[in-house]
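Source file start-v2.tsv; content: TSV, C-alpha atoms.
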chain	number	residue	atom	x	y	z
O	1	ARG	CA	18.44	-11.58	-36.60
O	2	ASP	CA	14.70	-11.69	-37.16
O	3	LYS	CA	12.17	-9.26	-35.79
O	4	HIS	CA	10.92	-11.56	-33.02
O	5	GLU	CA	14.41	-12.11	-31.60
O	6	LEU	CA	15.12	-8.38	-31.66
O	7	GLU	CA	11.86	-7.66	-29.84
O	8	LEU	CA	12.78	-10.20	-27.16
O	9	ASP	CA	16.23	-8.61	-26.85
O	10	PHE	CA	14.70	-5.17	-26.49
O	11	LYS	CA	12.34	-6.33	-23.73
O	12	ARG	CA	15.11	-8.22	-21.93
O	13	PHE	CA	17.59	-5.34	-22.04
O	14	TRP	CA	14.91	-2.90	-20.91
O	15	GLU	CA	14.07	-5.15	-17.96
O	16	GLU	CA	17.76	-5.40	-17.09
O	17	PHE	CA	17.97	-1.61	-17.15
O	18	ARG	CA	14.94	-1.26	-14.88
O	19	SER	CA	16.12	-3.89	-12.39
O	20	SER	CA	19.84	-3.09	-12.25
O	21	ASN	CA	21.09	-1.81	-8.92
O	22	SER	CA	24.34	-0.17	-9.94
O	23	GLU	CA	24.74	2.76	-12.30
O	24	LYS	CA	27.37	0.83	-14.24
O	25	GLU	CA	24.92	-2.01	-14.88
O	26	LYS	CA	22.20	0.47	-15.81
O	27	GLU	CA	24.46	2.21	-18.30
O	28	ALA	CA	25.45	-1.09	-19.93
O	29	ALA	CA	21.82	-2.25	-20.12
O	30	LEU	CA	20.71	1.11	-21.52
O	31	ASN	CA	23.32	0.95	-24.26
O	32	LEU	CA	22.12	-2.53	-25.21
O	33	THR	CA	18.50	-1.35	-25.15
O	34	ILE	CA	19.26	1.57	-27.45
O	35	ASP	CA	21.20	-0.71	-29.78
O	36	ALA	CA	18.29	-3.16	-30.00
O	37	PHE	CA	15.88	-0.26	-30.49
O	38	CYS	CA	17.90	1.13	-33.40
O	39	ARG	CA	18.10	-2.27	-35.08
O	40	LEU	CA	14.34	-2.65	-34.73
O	41	VAL	CA	13.77	0.73	-36.34
O	42	LYS	CA	15.96	-0.28	-39.26
O	43	GLN	CA	13.82	-3.38	-39.72
O	44	HIS	CA	10.62	-1.30	-39.50
O	45	ALA	CA	9.38	-3.39	-36.60
O	46	ASN	CA	6.51	-2.24	-34.42
O	47	VAL	CA	8.63	-0.13	-32.09
O	48	ALA	CA	5.60	1.86	-30.94
O	49	GLN	CA	3.99	-1.23	-29.48
O	50	LEU	CA	7.23	-2.18	-27.74
O	51	VAL	CA	7.37	1.22	-26.04
O	52	THR	CA	3.77	0.99	-24.89
O	53	LEU	CA	4.30	-2.58	-23.68
O	54	ALA	CA	7.25	-1.39	-21.59
O	55	PHE	CA	5.00	1.35	-20.18
O	56	VAL	CA	2.23	-1.12	-19.32
O	57	THR	CA	4.67	-3.58	-17.76
O	58	ASP	CA	6.13	-0.96	-15.42
O	59	ILE	CA	2.70	0.29	-14.32
O	60	GLU	CA	1.56	-3.29	-13.70
O	61	LYS	CA	4.59	-3.76	-11.45
O	62	LEU	CA	3.42	-0.79	-9.38
O	63	LYS	CA	0.02	-2.45	-8.99
O	64	ILE	CA	1.52	-5.80	-8.03
O	65	SER	CA	3.76	-4.18	-5.42
O	66	SER	CA	0.74	-2.65	-3.69
O	67	LYS	CA	-1.02	-4.52	-0.89
O	68	THR	CA	-4.39	-3.62	-2.41
O	69	LYS	CA	-3.21	-4.56	-5.93
O	70	SER	CA	-4.29	-1.12	-7.06
O	71	LEU	CA	-2.28	1.94	-8.02
O	72	ASP	CA	-1.21	4.35	-5.30
O	73	VAL	CA	-1.03	7.94	-6.49
O	74	LEU	CA	2.26	8.61	-4.72
O	75	LYS	CA	3.95	5.59	-6.30
O	76	VAL	CA	2.60	6.60	-9.70
O	77	LEU	CA	3.91	10.14	-9.41
O	78	ARG	CA	7.28	8.98	-8.10
O	79	PHE	CA	7.58	6.59	-11.03
O	80	PHE	CA	6.98	9.41	-13.50
O	81	SER	CA	9.24	11.83	-11.60
O	82	GLU	CA	12.18	9.89	-10.19
O	83	VAL	CA	15.66	10.60	-11.51
O	84	THR	CA	18.40	8.03	-10.95
O	85	GLU	CA	21.88	8.91	-9.75
O	86	GLY	CA	23.04	8.56	-13.32
O	87	GLY	CA	20.54	11.16	-14.47
O	88	PHE	CA	18.10	8.70	-16.06
O	89	SER	CA	14.35	9.31	-15.87
O	90	PRO	CA	12.85	6.00	-17.07
O	91	GLY	CA	9.25	6.72	-16.11
O	92	SER	CA	9.27	10.25	-17.45
O	93	ASN	CA	10.98	9.12	-20.65
O	94	LEU	CA	8.37	6.42	-21.25
O	95	LEU	CA	5.52	8.88	-20.69
O	96	THR	CA	7.10	11.36	-23.09
O	97	ALA	CA	7.72	8.66	-25.70
O	98	VAL	CA	4.09	7.50	-25.59
O	99	GLU	CA	2.84	11.08	-25.82
O	100	ILE	CA	4.99	11.66	-28.90
O	101	LEU	CA	3.74	8.43	-30.46
O	102	VAL	CA	0.05	9.25	-30.10
O	103	SER	CA	0.65	12.76	-31.44
O	104	GLY	CA	2.01	11.46	-34.74
O	105	PRO	CA	0.40	9.81	-37.77
O	106	ILE	CA	0.55	6.32	-36.31
O	107	ASP	CA	-1.95	3.48	-36.41
O	108	LYS	CA	-3.33	3.69	-32.88
O	109	GLN	CA	-4.75	0.18	-33.09
O	110	SER	CA	-1.32	-1.27	-32.31
O	111	LEU	CA	-1.12	0.96	-29.25
O	112	LEU	CA	-4.56	-0.15	-28.09
O	113	ASP	CA	-3.52	-3.78	-28.58
O	114	SER	CA	-0.72	-3.28	-26.07
O	115	GLY	CA	-3.27	-2.59	-23.33
O	116	ILE	CA	-2.02	0.91	-22.66
O	117	PHE	CA	-5.48	2.50	-22.63
O	118	CYS	CA	-6.65	0.15	-19.88
O	119	CYS	CA	-3.46	0.95	-18.02
O	120	LEU	CA	-4.04	4.69	-18.32
O	121	ILE	CA	-7.59	4.36	-17.01
O	122	HIS	CA	-6.14	2.99	-13.78
O	123	VAL	CA	-3.49	5.71	-13.70
O	124	LEU	CA	-6.19	8.36	-14.07
O	125	ASN	CA	-8.22	6.71	-11.32
O	126	ALA	CA	-5.21	6.94	-9.00
O	127	LEU	CA	-4.67	10.59	-9.89
O	128	LEU	CA	-8.29	11.32	-8.97
O	129	CYS	CA	-7.53	10.42	-5.37
O	130	PRO	CA	-8.56	12.75	-2.52
O	131	ASP	CA	-6.62	15.99	-2.19
O	132	GLU	CA	-4.96	14.95	1.06
O	133	ALA	CA	-2.67	12.72	-1.00
O	134	ASN	CA	-1.05	15.89	-2.31
O	135	GLN	CA	0.08	16.74	1.18
O	136	ARG	CA	2.02	13.46	1.39
O	137	LEU	CA	3.71	13.94	-1.95
O	138	LYS	CA	7.46	14.33	-1.59
O	139	ILE	CA	9.45	14.24	-4.81
O	140	ASN	CA	13.18	14.82	-4.99
O	141	TYR	CA	13.32	16.88	-8.15
O	142	THR	CA	17.06	16.67	-8.71
O	143	GLU	CA	16.95	18.09	-12.23
O	144	GLU	CA	16.21	21.58	-10.89
O	145	PRO	CA	18.06	22.01	-7.59
O	146	MET	CA	17.80	25.80	-7.65
O	147	LEU	CA	14.03	25.56	-8.00
O	148	ALA	CA	13.87	23.01	-5.23
O	149	GLU	CA	15.74	25.41	-2.95
O	150	LYS	CA	13.55	28.34	-3.89
O	151	ASP	CA	10.19	26.60	-3.59
O	152	SER	CA	8.96	24.01	-1.16
O	153	THR	CA	9.17	20.35	-2.11
O	154	ALA	CA	5.40	20.22	-2.14
O	155	ASP	CA	5.19	23.03	-4.69
O	156	VAL	CA	7.69	21.32	-6.97
O	157	GLY	CA	5.85	18.02	-6.54
O	158	GLN	CA	2.55	19.66	-7.41
O	159	ALA	CA	4.05	21.23	-10.53
O	160	ARG	CA	5.34	17.86	-11.68
O	161	ARG	CA	1.98	16.29	-10.90
O	162	LEU	CA	0.26	18.76	-13.23
O	163	GLU	CA	2.76	17.90	-15.97
O	164	VAL	CA	2.13	14.17	-15.54
O	165	GLU	CA	-1.64	14.65	-15.52
O	166	GLY	CA	-1.45	16.79	-18.64
O	167	SER	CA	0.49	14.11	-20.50
O	168	VAL	CA	-1.81	11.30	-19.32
O	169	VAL	CA	-4.94	13.21	-20.35
O	170	HIS	CA	-3.44	14.14	-23.72
O	171	ILE	CA	-2.55	10.51	-24.48
O	172	MET	CA	-5.97	9.25	-23.39
O	173	LYS	CA	-7.85	11.78	-25.51
O	174	ALA	CA	-5.74	10.90	-28.53
O	175	LEU	CA	-6.46	7.19	-28.08
O	176	ALA	CA	-10.16	7.78	-27.33
O	177	SER	CA	-10.66	9.06	-30.88
O	178	HIS	CA	-10.12	5.56	-32.29
O	179	PRO	CA	-13.35	3.69	-33.22
O	180	LEU	CA	-12.26	0.59	-31.28
O	181	ALA	CA	-10.88	2.39	-28.25
O	182	ALA	CA	-13.95	1.75	-26.10
O	183	GLN	CA	-13.98	-1.91	-27.05
O	184	SER	CA	-10.36	-2.24	-25.91
O	185	LEU	CA	-11.49	-1.30	-22.39
O	186	ILE	CA	-14.13	-4.00	-22.03
O	187	GLU	CA	-12.07	-7.10	-21.24
O	188	ASP	CA	-10.87	-5.98	-17.80
O	189	ASP	CA	-13.84	-3.67	-17.12
O	190	SER	CA	-11.71	-0.54	-17.47
O	191	LEU	CA	-14.60	1.06	-19.34
O	192	MET	CA	-16.85	0.46	-16.34
O	193	LEU	CA	-14.20	2.00	-14.08
O	194	LEU	CA	-14.20	5.12	-16.25
O	195	PHE	CA	-18.00	5.31	-16.01
O	196	GLN	CA	-17.69	5.03	-12.23
O	197	MET	CA	-15.09	7.81	-12.11
O	198	VAL	CA	-17.35	10.12	-14.08
O	199	ALA	CA	-20.39	9.20	-11.98
O	200	ASN	CA	-18.46	9.78	-8.78
O	201	GLY	CA	-17.37	13.17	-10.06
O	202	SER	CA	-20.93	14.13	-10.93
O	203	VAL	CA	-22.56	12.89	-7.73
O	204	THR	CA	-19.93	13.33	-5.04
O	205	VAL	CA	-16.91	15.38	-6.04
O	206	PHE	CA	-18.72	18.37	-7.51
O	207	SER	CA	-20.90	18.69	-4.41
O	208	LYS	CA	-17.81	18.52	-2.20
O	209	TYR	CA	-16.25	21.28	-4.27
O	210	LYS	CA	-19.21	23.54	-3.48
O	211	GLU	CA	-18.58	22.84	0.19
O	212	GLY	CA	-14.90	23.69	-0.19
O	213	LEU	CA	-13.77	20.12	0.51
O	214	VAL	CA	-12.24	19.43	-2.91
O	215	SER	CA	-9.80	21.58	-4.86
O	216	LEU	CA	-10.48	23.10	-8.27
O	217	HIS	CA	-7.60	21.02	-9.60
O	218	ILE	CA	-9.44	17.75	-8.88
O	219	ILE	CA	-12.62	19.15	-10.41
O	220	GLN	CA	-10.74	19.98	-13.61
O	221	LEU	CA	-9.31	16.46	-13.73
O	222	HIS	CA	-12.81	15.00	-13.33
O	223	ARG	CA	-13.95	17.14	-16.25
O	224	HIS	CA	-11.15	15.69	-18.34
O	225	ALA	CA	-12.38	12.21	-17.39
O	226	MET	CA	-15.86	13.20	-18.61
O	227	GLN	CA	-14.39	14.47	-21.88
O	228	ILE	CA	-12.44	11.23	-22.38
O	229	LEU	CA	-15.60	9.18	-21.85
O	230	ALA	CA	-17.50	11.42	-24.25
O	231	LEU	CA	-14.82	10.96	-26.92
O	232	LEU	CA	-14.98	7.19	-26.47
O	233	LEU	CA	-18.74	7.07	-26.88
O	234	VAL	CA	-18.87	9.51	-29.80
O	235	ASN	CA	-16.20	7.62	-31.74
O	236	ASP	CA	-17.36	4.12	-30.81
O	237	ASP	CA	-18.49	2.01	-33.77
O	238	GLY	CA	-21.36	0.55	-31.77
O	239	SER	CA	-19.51	-2.54	-30.61
O	240	THR	CA	-19.78	-1.60	-26.92
O	241	ALA	CA	-23.53	-0.97	-26.88
O	242	LYS	CA	-24.32	-4.46	-25.57
O	243	TYR	CA	-21.72	-4.14	-22.81
O	244	ILE	CA	-23.01	-0.75	-21.71
O	245	HIS	CA	-26.63	-1.97	-21.72
O	246	LYS	CA	-25.64	-5.00	-19.63
O	247	HIS	CA	-24.05	-2.83	-16.92
O	248	GLN	CA	-26.73	-0.17	-16.71
Rewrite the coordinates I just gave you, this time as structure tokens.
Amino acid sequence: RDKHELELDFKRFWEEFRSSNSEKEKEAALNLTIDAFCRLVKQHANVAQLVTLAFVTDIEKLKISSKTKSLDVLKVLRFFSEVTEGGFSPGSNLLTAVEILVSGPIDKQSLLDSGIFCCLIHVLNALLCPDEANQRLKINYTEEPMLAEKDSTADVGQARRLEVEGSVVHIMKALASHPLAAQSLIEDDSLMLLFQMVANGSVTVFSKYKEGLVSLHIIQLHRHAMQILALLLVNDDGSTAKYIHKHQ
């Protein structure tokens, strides 16, 4: 079978895995997904882009399911933390796979073409929500029941949140080093959203921190957002200058 058909199979089987209700159906769909994946690798197809497309698709579903059509931090963290009854962690596995991809000697242009950087900008924006969201975070961390018994659910949830944020930031910084990374954020104004996040951190969040209204954790995340923006601008080939000037 040709590459295009295999890519369609991979996407279809992955969607079946994500939407299946029973563990038996999930297991069957997962086996088919892995089989399609292996055949793609043998044909040297662009597996990296398929993984990132699956990531983007799942995050977009979270946005669509929201009344505001924007990402909710709790839904994002649950997606990256949930473990199915069969022991599968689809969100966590996707995040890990993308992090491994950007860490290797891969052409990051194909990853940018998938729209994953735009997607991650919105994920980061959700993670930069007010601290009170942390108090609502309840994650059933079934992989470590002893830890869950020892610590409060909130503590476990916060630990997982830090892991997710670390992975997201690492991926974004790796992608930001590409000369066309900033340009990839223009079409849906994700670049402008990143500017707004940084500006909000500089004007509002840092002052709230001095008043004790914002945690150090959020301040550190805002600093990472600033570093990501700096990497984008330093590595940009000049193609975004007109866009930035227009939105000043």
| Quick one, how far is atom CA of Ile64 of chain O from atom CA of Leu95 of chain O? |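 Rounded to one decimal, the two atoms are 19.8 Å apart.
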| With only C-alpha atoms as the atoms that count, which of O:Ala182, O:Phe88, O:Arg12, O:Phe80 lies nearest to Tyr243 of chain O? |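 The closest residue to Tyr243 of chain O is O:Ala182.
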| task | Give me, please, the distance in Å between atom CA of Trp14 of chain O and atom CA of Thr33 of chain O, quoted to one decimal. | result |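 Rounded to one decimal, the two atoms are 5.8 Å apart.
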| So, counting all atoms listed in the file, which residue among O:Gln196, O:Lys67, O:Gly87, O:Arg78 is closest to Lys26 of chain O? | O:Gly87
| query | To one decimal place, how far is atom CA of Val164 of chain O from atom CA of Ala48 of chain O in Å? | reply | 20.0 Å
| query | What residues have an atom no more than 10 Å from (-8.7, 13.7, -17.5) in the file's own frame, counting only C-alpha atoms, and can you write them as a ChimeraX atom specification? | reply | /O:121,124-125,127-128,165-173,198,218-229
| message | Ranking O:Val73, O:Ala28, O:Ile100, O:Cys38 by minimum distance to Ala174 of chain O and counting all atoms listed in the file, which one comes first? | response |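 The closest residue to Ala174 of chain O is O:Ile100.
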